[in-house]
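Written below as structure tokens is the structure these notes are about.
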Amino acid sequence: MPKIALSQSVIKTLRCPDGKRKIEYCDTQFPGFLMELRATNPHVGTLYLRYKNERGKTQYAKLGTTAELTIPQGRKKAKQLKARIMLGEDPRAETKKRKATPEFARFVEERYLPYVKVRKRSWETDVSFLKNYLLPVFGDSPLDQITRRQVVTFHQALREKGLAPSSCDRQLMLLSYIFNLAIQWDVAEHNPVKGVKHFNADNKKERYLTQDELNRLLHVLNTDHNRVVCQVILLLLSTGARLGEALKARWHDIDIPARQWRIPAANAKGKKTRLIPLNDVAVKLLDDIWQQCGGHEHLFISQQTGKPLTTITWVWHRLRQQAGLPEFRIHDCRHQYASMLVNSGRTLYEVQKILGHSCPKVTLRYAHLSQKTLQQASNAASTALEQIAFTPVDAP
């Protein structure tokens with residue numbers, strides 16, 4: 001390793017000796033600063049800083065080529081880098097770390113999806129979101145190169161393409177969840193989604209039936225020829241259960257004497273076992289279902305396949321059209337059940353427990369329904385006051 005005072009004029013005369021693959025010319029003005037020349041490219045050298053890491057091992061940090069930097073610029077860069085090294089920075093370690101950081105697509109394929117497939121029931125939805133929205137934008141980018149500005153631009157672009165605000169926000173939530181796992185697994189150091197504002201659109205649609213509408217729906221459910229699907233809807237209306245809970249229900253989870261329906265954790269949205277109290281209508285309905293197909297493990301059996309029913313979409317569409325309720329959704333049966341509880345005077349705490357809400361905040365959406373009941377209670381006091389306050393008093 002020849003030592004020489006490197007300069008712009010000197011390096012023009014330097015060559016890699018014949019028979020050698022490469023040679024290093026070390027600068028005498030700043031120890032550690034050197035230029036490497038290779039036989040394959042004799043006119044362009046590569047500038048390096050040679051240093052020892054915290055373990056005493058000699059390392060090389062590339063500064064640039066002589067086509068990119070002059071010797072004075074390279075020497076200045078070497079001095080700045082050496083100062084950072086003396087403060088504890090290891091540029092080689094940082095370079096290795098950057099190279100080890102996977103692209104978003106590779107991290108999703110190798111780490112994220114295998115993890116959620118055994119832990120998240122909605123992982124197939126994640127796959128759809130990734131394929132249609134996230135991977136086309138972030139797939140080729142290393143995790144540590146995805147910036148908050150890129151995330152904001154991505155979020156806004158989804159809205160401009162016509163995606164609903166809530167759907168745009170769901171992409172952000174999935175992206176944030178992926179980065180949080182990457183941080184937890186020491187693959188990434190920061191979450192670029194943090195601080196990005198959601199659109200926070202209010203998409204909590206609730207549809208409550210008037211008494212006339214409820215009567216029309218019940219008439220259809222009690223007379224239509226597809227008894228199995230009608231019985232599913234009637235069970236939802238009388239228990240407030242979710243559709244998935246009803247379709248997966250098994251007879252060994254039904255306890256008629258105790259008037260309870262046990263929802264296993266595997267079927268529950270909150271992944272916790274809960275009990276649904278069975279009222280008189282539900283008990284009678286279950287008795288009718290047992291009389292029709294009690295020999296099966298599941299409550300609801302398809303009339304076409306003889307196997308457990310898995311979907312009711314098309315039949316339900318016909319039934320609600322027949323009842324004159326084209327916008328009434330399956331999940332609105334749950335809202336309708338809650339409204340009947342609240343308007344009959346039951347407390348929001350009772351509604352929360354019956355519906356299996358893990359957070360009271362979810363149940364609070366039904367708070368406005370209790371105003372009618374509260375008004376009736378207030379009117380009871382008013383009646384009593386009127387009898388006293390406005391009863392004429394005979395003059396002495």
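How things are named: the first chain in the structure tokens is A, the next is B, and so on; residues count from 1 in each chain; ligands count from 1 in the order shown.
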Residues of segment 33-245 of chain A in alpha helix (DSSP H) according to DSSP, as a PyMOL selection string?
chain A and resi 71-86+91-100+104-107+113-116+123-129+135-138+148-160+165-184+211-223+227-239+243-245
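The list of residues with at least one atom within 12 Å of Lys120 of chain A, based on only C-alpha atoms and without residues fewer than 6 positions apart in the same chain, reads Tyr112, Leu113, Pro114, Asp126, Val127, Ala266, Lys269, Gly270 and Lys271 of chain A.
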Pull the closest atom pair for each residue of segment 251-290 of chain A that gets at most 12 Å from segment 224-228 of chain A, along with the distance in Å to one decimal, counting only C-alpha atoms, ordering rows by chain and then ascending residue number, as a Markdown table.
```
| residue | atom | partner | partner_atom | distance |
| --- | --- | --- | --- | --- |
| A:Leu285 | CA | A:Val228 | CA | 11.2 |
| A:Leu286 | CA | A:Val228 | CA | 11.6 |
| A:Asp288 | CA | A:Arg227 | CA | 10.5 |
| A:Ile289 | CA | A:Val228 | CA | 8.3 |
| A:Trp290 | CA | A:Val228 | CA | 11.6 |
```
Name the residues in contact with Arg207 of chain A at a cut-off of 9 Å, using only C-alpha atoms, excluding same-chain residues fewer than 6 positions from it; report them as an NGL selection string.
:A and (327-329 or 332-333 or 335-336)
Report as a ChimeraX atom specification: the residues of segment 131-280 of chain A with a DSSP assignment of strand (DSSP E), based on the backbone of this structure.
/A:254-255,260-263,274-277
9 Å contact set for segment 154-157 of chain A, only C-alpha atoms, chain neighbours under 4 positions out, as a PyMOL selection string
chain A and resi 134+137+149-150+161-162+168-169+171-172+196+198
What does the structure give for the distance between atom CA of Lys20 of chain A and atom CA of Gln73 of chain A, in Å to one decimal?
27.8 Å
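Between Trp316 of chain A and the candidates A:Val229, A:Asn343, A:Ile11, A:Lys197, the tightest atom-to-atom separation, counting only C-alpha atoms, involves A:Val229.
Proximity to Ala268 of chain A was assessed for A:His296, A:Arg121, A:Lys12, A:Arg159 counting only C-alpha atoms; the smallest distance is recorded for A:Arg121.
One distance worth recording is that between atom CA of Leu278 of chain A and atom CA of Ile312 of chain A, which is 22.8 Å.
Minimum atom-to-atom distances from A:Val232, A:Val351, A:Lys272, A:Asp280 to Phe300 of chain A were compared using only C-alpha atoms, and the lowest value belongs to A:Val232.
Proximity to Arg274 of chain A at 7 Å, evaluated using only C-alpha atoms and with sequence-adjacent residues fewer than 2 positions away removed, yields Arg262, Ile263, Pro264, Lys272, Ile276 and Gly356 of chain A.
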Residue selection dump (N, CA, C and O atoms) as a short mmCIF file (atom, residue, chain, number, x, y, z; two decimals), in the first residue's frame:
```cif
data_model
loop_
_atom_site.label_atom_id
_atom_site.label_comp_id
_atom_site.auth_asym_id
_atom_site.auth_seq_id
_atom_site.Cartn_x
_atom_site.Cartn_y
_atom_site.Cartn_z
N ARG A 262 -74.99 -20.56 24.05
CA ARG A 262 -73.56 -20.33 24.26
C ARG A 262 -72.88 -20.08 22.92
O ARG A 262 -72.97 -20.90 22.01
N ILE A 263 -72.21 -18.93 22.81
CA ILE A 263 -71.44 -18.61 21.60
C ILE A 263 -69.98 -18.93 21.90
O ILE A 263 -69.34 -18.25 22.71
N PRO A 264 -69.40 -19.97 21.29
CA PRO A 264 -67.99 -20.32 21.54
C PRO A 264 -67.06 -19.18 21.12
O PRO A 264 -67.40 -18.39 20.23
N LYS A 272 -64.21 -14.21 22.57
CA LYS A 272 -64.49 -14.60 23.95
C LYS A 272 -65.85 -15.29 24.00
O LYS A 272 -66.82 -14.84 23.38
N ILE A 276 -75.99 -15.87 25.34
CA ILE A 276 -77.13 -15.06 24.90
C ILE A 276 -78.37 -15.59 25.59
O ILE A 276 -78.70 -16.79 25.47
N GLY A 356 -72.94 -8.47 23.72
CA GLY A 356 -71.56 -8.92 23.77
C GLY A 356 -70.57 -7.87 23.32
O GLY A 356 -69.49 -8.20 22.81
#
```
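Among A:Tyr25, A:Tyr51, A:Trp261, A:Tyr337, the residue with the shortest atom-to-atom distance to Leu234 of chain A, counting only C-alpha atoms, is A:Tyr337.
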Coordinates-based distance that separates atom CA of Arg259 of chain A from atom CA of Gly345 of chain A (Å, one decimal):
21.5 Å
